[in-house]
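Engineer: Starting off with a structure, shown below.
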2 protein chains.
Amino acid sequence: MQFHLEGFMPGDPRMTVAAPDVSAHSDKLPERLDVLIVGCGPAGLTLAAQLSAFADLRVAIVEQKDRPIELGQADGIACRTMEMFEAFGFAERVRQEACWINEVTFWKPDGDAPDRIVRHGRVRDTPDGLSEFPHVVLNQARVHDFWLDVMRRSPRRLQPHYSHRLLDLVVDTATADDPEKVSPGHTENGAIDDHRVTVRLERTDPAHAGEIVTVQARHVVGCDGARSTVRKAIGQQLRGDSSSQVWGVMDLLAVTDFPDIRFKSAVQSSSGNLLVIPREGGHLVRLYVELDPLAAGERVRDRGITLDHLIATARAILHPYRLQVKEVPWWSVYEIGQRICDRYDDVPAGGEATRLPRVFIAGDACHTHSPKAGQGMNVSMQDSFNLGWKLAAVLRGQCVPEVLHTYTRERRAVAQELIDFDREWARMFSDRPRGALAAAPGGAADRRTDAHPGDGGVDPKEFQAYFERHGRFTAGVETHYPPALLCGASTHQSLAAGFTIGMRFHSAPVMRVCDARQMELGHVARADGRWRLYAFGTHDDVLQDGSGLHRLCRFLDESPASPVRRYTRPDEDPDAVFDLRVIVQAAHTGLDVHASGLPILLPAKGRYRLIDYEKVFSARLTKGETIFEHRGIDRTRGALVVVRPDQYVAHVLPLDAHEELAAFFDRFMLARP
Amino acid sequence: MQFHLEGFMPGDPRMTVAAPDVSAHSDKLPERLDVLIVGCGPAGLTLAAQLSAFADLRVAIVEQKDRPIELGQADGIACRTMEMFEAFGFAERVRQEACWINEVTFWKPDGDAPDRIVRHGRVRDTPDGLSEFPHVVLNQARVHDFWLDVMRRSPRRLQPHYSHRLLDLVVDTATADDPEKVSPGHTENGAIDDHRVTVRLERTDPAHAGEIVTVQARHVVGCDGARSTVRKAIGQQLRGDSSSQVWGVMDLLAVTDFPDIRFKSAVQSSSGNLLVIPREGGHLVRLYVELDPLAAGERVRDRGITLDHLIATARAILHPYRLQVKEVPWWSVYEIGQRICDRYDDVPAGGEATRLPRVFIAGDACHTHSPKAGQGMNVSMQDSFNLGWKLAAVLRGQCVPEVLHTYTRERRAVAQELIDFDREWARMFSDRPRGALAAAPGGAADRRTDAHPGDGGVDPKEFQAYFERHGRFTAGVETHYPPALLCGASTHQSLAAGFTIGMRFHSAPVMRVCDARQMELGHVARADGRWRLYAFGTHDDVLQDGSGLHRLCRFLDESPASPVRRYTRPDEDPDAVFDLRVIVQAAHTGLDVHASGLPILLPAKGRYRLIDYEKVFSARLTKGETIFEHRGIDRTRGALVVVRPDQYVAHVLPLDAHEELAAFFDRFMLARP
């Protein structure tokens, strides 16, 4: 954690310096905005937190409710999401407060007495090495609190405008469709400098009820949920299957002798199926309970399902275990449906060549699914983490506006994959367990039931195997963006096999040279819109003159072709756009960074030109394997790993591929004046 | 982290439920108090935070300054202190914000050119396995902030009364000296129910300037620093050496090419000595600079030492490295002095048999020392952590008042040891490095200088060796209270050799059985005044009927002699006084806690009688050695480790020593009605 750069500041160092033009939060929306975000759910708050980091952007977030939520529907937080939280500075808070999902147990009908359930298997939920973070469960409202905290401490001191309901929005397509307008550099500092989206909102707070507010924005992002008004305004629709499956969900404080009540447990019984999700605080538990399927034309709301019915069903499934319910903070009933939009922005099909997106949708506004895979909140937040840095880079004149097209391309494929997974998972979950109704006498708890293939349904072992196979997927670490504008080709992938281009940068421990501190290399990446360049040296590279690292540093520092020189303004800190980190194989004691004479490794920053000492790492730890083994980095040739502001690997290159590196960034970055 | 026990509560779970009689903070001090704490330094705030945890205690803390400090003098935080912070819930915040001291480097004059310094050694600051926490450096003001935060969230919502200056205090010794009054149980619920200390304070806030406030308190604790008014009021004096050594200290934002500026570095040069302490935020650094010794009768304040002089001296010492100072947030000059009081309370010498302490002093009020060992704040906070639970236990009628005598006995010995260490450390530090003035030609950086024993001064290698030997001491983990009222005899110490009676409970990782979570066993201990009983089972003990753990649980649950039954009120949760944790050797999968039929391992708590699932652990981890090896626990016989509310091991007993266990607590605990 770095602070005091601009002079000693007392108090909480997570409180940033406010932008000079920031005044106390007003309940009046500004009339002109760079970005208007609609909706204070996980997607909207992630985006707002990301954009609030930039002192020069004018951003507002509106919400039709009159205050933050206290109780949320979503609860699962995937490892990958924790990695993102780390970049925003609150992963540790979540780690402490949340319930950790460490193991999953599987239950099925007892072969001897099919009306009783028995445990038939267990797996570790998160295999060792998948992520440095656990898979956890925490009330969505608390995640919102942490986002609001990031916003409050940001340079823009951003706070939501509650009690604002979106009425309509209009994009000025006459100019937006003009192909002249999409080429980069046509506007001052290369950004889109017009405000072509007109939004009308109605205030619903008693003091201003009925007042209409009109806002002009460069971009509007609809994070307004499954019934999104923004989605309708841009003519998009959620398309997909409806399903006859009905599930109830309830959060309980209860007393039970079911021994796995603090494990995630998938229970398949002859009375139906149930999923146990333990929750934060040691007592709360969520049960997902399967209910009778819908008849043709029937809607779940017509059925009048009661909480008592849900509890009675759960009791029947858990038999012979008892369940004594003390308090139900929240419950609901829903039909499973997987639906998705064709596009996540307002560009018409086939219109990418001539039109730039002005309006986006994210989260539930563009995809819905069954909650049981615990993916909803995670995918929504990753949507807007993907969009946030791109919007900032375009609005701040760093990148060509065409990078905005990559949002739909990258994120829609992820949602489609989720829906495919979700459909299969929901189907298997709702199937009768094979053997449940035609169990043979016998009775060991772990007897395999696939000895009865004839009775249909899903084999519990197959169910468990499917779950295990998809562990990486549900952890959120399988997202893989294809090579395109922002991700390079895999020509040199073998130099760092564990840093797959298009996948998230998977952290590993290293030792910081300046102070011999062991730490996670990936945690140097903050959600600050900067690119990371991780340069891994060859075995004999200790930054000596002529070595690969030395030449790379010299190139970045001195060459007119250097991306650092081309895209960083002279009035910015030298690492304001590209944050170079060097990892040598030698022990930290064998290195003299000062003596190497490379200013980029000891950059002078801030008004005092204080030195940033934290750029150089050693792979050598006090014990254990190094990052070179963990991530398959070529010890002989080294590697340069380029990482996007959203923690995804953009490229892997040889250390001396200076021209290729320059060419990669020239595809989408704009030279500074 | 456990919460929602009394029903679902939205918001931050670290916010406790307020005591029913707590109202908004008033700037008017209550007239009658259980404890009045004088002084908002580290000792006072630790005590206030500890006492604020008890909803039934009336406590106030006063401070003559008008607000919290923004900049503090102390900065070093020892591993042991971090362990205490963990019990209060903010170790992780400190870990994130602080600078970690990982390695110490040693510099001496270059043999070839004695006016230049060279590095001659380095050691790891905190050896592996010393503690699960690092040694860190953080501004004292931030530590205060965290304590204030604990107080604000506590059941008593405690806040300091600023702008209150202590005038005097009087103890009603007439009754206090009455031996009739010291026997336990003489007052309602066994506590001392009188308010024998009369305190007068003057308000200094402009609105009430000059107003005199009189408070009657059962106890007063003076945490009012080296010039303590409370100390004077009880007739105690700081005694000890004065010294001619003078040091300057300054916090700098600076640019330097000294390569170890982010390491703790001890520099011995031919121009004097200097200690580098890197500080939080990556840029700030503290330098302790040795100045010319005082002449006889000279005082440091007479010398008129300026900041420029300090900086010039530091530059000369660091030669040939440059030091360009940009900002000096704080600096000071001091003489080294180690002084200590004879007693830490108001009981006259030899008066323990007939008199109970009513007034205590803690921290700098009873001991002062050189700041360079980084111990001051740590020892002060440990003082009042030691006192806090004892005061609470006596005031709440749990313990006989004689336990209060143990405060002076235990803590004064620790301070004396610190002073002895400190004196030696200061002497070595201020000595000329041997070889500095008579260096032979030659010149490798690591040449040993003890080839010149004849020139006097301290051998740099000896200096380094002393530093290494005392690593455990400066980490705060060597504190060892002798057998006495609150610590048992070492008869059965061999059953758990790594949990030394009288020393702090040294945590190690285990796996929680209810949810397969790997965690530090010691972190179950919160600063809540409860005793911990850690029962380690034999190799074949899976809680089966007749096993040692089973019999111990049955005894604790059912026997009239059980301390749990004797000292826990029927209206309290079963673990309100004793928190039993059981550690088995078998894997968590081989255990069925429900089936063992032991209510004490699944206690029903709170208004819903919800089950606490977190009492049982397995020593078996996914990899690595177990707590049985780490702490030398007898795998054949098991062990019961009794731990005090301040995390110190009180006793080690065989699992079946039920009577000895009962007898131990009968020495100082009071049976509940």
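Ligands are numbered from 1 in the order shown, chains are lettered A, B, ... in the order of the structure tokens, and residues start at 1 in each chain.
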Give as a tab-separated table (two decimals) with C-alpha atoms, in the first residue's frame every residue of chain A that touches chain B within 8 Å, counting only C-alpha atoms.
Structural biologist:
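The resulting out_22.tsv:
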chain	number	residue	atom	x	y	z
A	1	MET	CA	0.00	0.00	0.00
A	2	GLN	CA	1.66	3.23	-1.12
A	3	PHE	CA	0.81	6.65	0.26
A	4	HIS	CA	2.36	9.92	1.50
A	5	LEU	CA	3.70	10.44	-2.05
A	7	GLY	CA	3.52	14.75	1.43
A	8	PHE	CA	2.57	13.28	4.79
A	10	PRO	CA	-2.67	12.01	8.56
A	11	GLY	CA	-5.65	9.66	8.83
A	12	ASP	CA	-6.86	6.72	6.80
A	13	PRO	CA	-4.54	6.21	3.82
A	70	GLU	CA	-29.87	-4.27	3.44
A	71	LEU	CA	-30.53	-7.76	2.18
A	92	GLU	CA	-9.48	-8.95	2.85
A	96	GLN	CA	-12.85	-12.04	7.06
A	97	GLU	CA	-16.59	-11.53	7.02
A	100	TRP	CA	-15.72	-19.95	3.13
A	101	ILE	CA	-16.84	-22.81	0.91
A	102	ASN	CA	-14.06	-25.32	1.37
A	103	GLU	CA	-15.68	-28.63	0.60
A	141	ALA	CA	-25.77	-5.97	0.53
A	142	ARG	CA	-22.36	-6.14	2.20
A	253	LEU	CA	-31.61	-19.41	11.26
A	254	ALA	CA	-32.43	-22.96	12.25
A	255	VAL	CA	-31.53	-25.82	14.54
A	257	ASP	CA	-28.93	-32.34	13.30
A	259	PRO	CA	-24.37	-32.97	10.02
A	260	ASP	CA	-23.30	-31.05	6.89
A	262	ARG	CA	-21.94	-25.86	7.41
A	263	PHE	CA	-20.90	-27.47	4.11
A	280	GLU	CA	-21.67	-15.84	6.85
A	281	GLY	CA	-21.66	-15.56	10.64
A	282	GLY	CA	-21.66	-19.28	11.48
A	283	HIS	CA	-25.43	-19.78	11.86
A	284	LEU	CA	-27.26	-18.56	8.78
A	326	LYS	CA	-36.20	-20.05	14.10
A	327	GLU	CA	-36.11	-17.10	11.71
A	329	PRO	CA	-34.74	-13.30	7.01
A	514	CYS	CA	13.67	-3.33	-1.82
A	515	ASP	CA	12.53	-4.77	1.52
A	516	ALA	CA	12.63	-8.58	1.23
A	517	ARG	CA	8.89	-8.86	1.61
A	592	ASP	CA	21.76	-3.72	-6.72
A	594	HIS	CA	20.50	1.57	-7.83
A	608	TYR	CA	8.78	15.75	-4.54
A	609	ARG	CA	9.99	13.28	-7.19
A	610	LEU	CA	10.14	10.61	-4.49
A	611	ILE	CA	11.44	7.23	-5.59
A	612	ASP	CA	9.08	4.29	-6.04
A	613	TYR	CA	11.14	1.33	-4.80
A	614	GLU	CA	8.60	-1.38	-5.52
Engineer: Write out as a ChimeraX atom specification each polymer residue whose atoms come within 8 Å of region 640-657 of chain A, counting only C-alpha atoms; drop sequence neighbours fewer than 6 positions from it.
Structural biologist: /A:84,385-386,389,486-490,492-493,495-496,499-505,525,527-537,548-549,551-552
Engineer: Could the residues in this selection be written to a file with C-alpha atoms, as an mmCIF file, in the first residue's frame?
Structural biologist:
data_model
loop_
_atom_site.group_PDB
_atom_site.id
_atom_site.type_symbol
_atom_site.label_atom_id
_atom_site.label_comp_id
_atom_site.auth_asym_id
_atom_site.auth_seq_id
_atom_site.Cartn_x
_atom_site.Cartn_y
_atom_site.Cartn_z
ATOM 1 C CA MET A 84 -10.893 -8.367 -8.578
ATOM 2 C CA PHE A 385 -14.998 -4.394 -14.705
ATOM 3 C CA ASN A 386 -14.415 -5.267 -18.373
ATOM 4 C CA TRP A 389 -11.402 0.632 -17.927
ATOM 5 C CA LEU A 486 -6.870 -6.190 -27.060
ATOM 6 C CA CYS A 487 -5.395 -9.692 -26.882
ATOM 7 C CA GLY A 488 -2.377 -10.773 -28.929
ATOM 8 C CA ALA A 489 -1.757 -14.006 -30.808
ATOM 9 C CA SER A 490 -0.312 -17.019 -29.010
ATOM 10 C CA HIS A 492 5.133 -16.821 -27.930
ATOM 11 C CA GLN A 493 2.757 -18.402 -25.413
ATOM 12 C CA LEU A 495 7.548 -18.567 -22.885
ATOM 13 C CA ALA A 496 5.008 -18.331 -20.061
ATOM 14 C CA PHE A 499 -0.118 -16.996 -18.241
ATOM 15 C CA THR A 500 -2.564 -17.844 -20.999
ATOM 16 C CA ILE A 501 -3.232 -14.907 -23.309
ATOM 17 C CA GLY A 502 -6.858 -13.883 -22.879
ATOM 18 C CA MET A 503 -7.164 -15.392 -19.389
ATOM 19 C CA ARG A 504 -6.775 -13.701 -16.030
ATOM 20 C CA PHE A 505 -3.262 -13.079 -14.699
ATOM 21 C CA ALA A 525 -2.284 -4.533 -9.775
ATOM 22 C CA ALA A 527 -7.998 -1.073 -10.338
ATOM 23 C CA ASP A 528 -6.481 2.154 -11.611
ATOM 24 C CA GLY A 529 -6.761 1.780 -15.383
ATOM 25 C CA ARG A 530 -3.039 1.097 -15.790
ATOM 26 C CA TRP A 531 -1.428 -1.616 -17.891
ATOM 27 C CA ARG A 532 1.030 -3.957 -16.202
ATOM 28 C CA LEU A 533 4.199 -5.165 -17.877
ATOM 29 C CA TYR A 534 5.701 -8.109 -15.981
ATOM 30 C CA ALA A 535 9.212 -8.775 -17.291
ATOM 31 C CA PHE A 536 10.692 -12.116 -16.181
ATOM 32 C CA GLY A 537 14.464 -12.285 -16.571
ATOM 33 C CA GLY A 548 17.526 -8.752 -21.688
ATOM 34 C CA LEU A 549 15.917 -6.915 -18.793
ATOM 35 C CA ARG A 551 17.790 -3.697 -22.762
ATOM 36 C CA LEU A 552 14.028 -3.783 -22.284
#
Engineer: With a distance cut-off of 6 Å and only C-alpha atoms, select the neighbouring residues of Ile61 (chain B), excluding the residue or stretch itself and same-chain residues fewer than 3 positions from it, and output the selection as an MDAnalysis selection string.
Structural biologist: chainID B and resid 36:38 160
Engineer: Please, could you write that set of residues out with all heavy atoms as a compact mmCIF listing (two decimals), in the first residue's frame?
Structural biologist:
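Output file part.txt is given in full below:
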# COMPACT_ATOMS: atom_id res chain seq x y z
N LEU B 36 -12.26 4.55 35.85
CA LEU B 36 -11.90 5.77 35.13
C LEU B 36 -10.48 5.59 34.61
O LEU B 36 -9.55 5.32 35.39
CB LEU B 36 -11.96 7.00 36.04
CG LEU B 36 -11.47 8.29 35.38
CD1 LEU B 36 -12.44 8.76 34.30
CD2 LEU B 36 -11.23 9.39 36.41
N ILE B 37 -10.32 5.74 33.30
CA ILE B 37 -9.00 5.62 32.67
C ILE B 37 -8.52 7.03 32.35
O ILE B 37 -9.27 7.82 31.74
CB ILE B 37 -9.09 4.78 31.38
CG1 ILE B 37 -9.67 3.39 31.69
CG2 ILE B 37 -7.71 4.66 30.71
CD1 ILE B 37 -10.16 2.65 30.45
N VAL B 38 -7.30 7.34 32.73
CA VAL B 38 -6.77 8.68 32.49
C VAL B 38 -5.72 8.60 31.40
O VAL B 38 -4.66 7.99 31.59
CB VAL B 38 -6.16 9.27 33.78
CG1 VAL B 38 -5.68 10.70 33.52
CG2 VAL B 38 -7.17 9.23 34.91
N PRO B 160 -13.94 8.67 24.10
CA PRO B 160 -13.19 9.42 25.12
C PRO B 160 -13.86 10.75 25.45
O PRO B 160 -14.58 11.33 24.63
CB PRO B 160 -11.83 9.67 24.45
CG PRO B 160 -11.74 8.69 23.34
CD PRO B 160 -13.15 8.49 22.87
Engineer: From the list A:Ala413, A:Val276, A:Val400, A:Met669, which residue is nearest Ile340 (chain A) when using only C-alpha atoms?
Structural biologist: A:Ala413
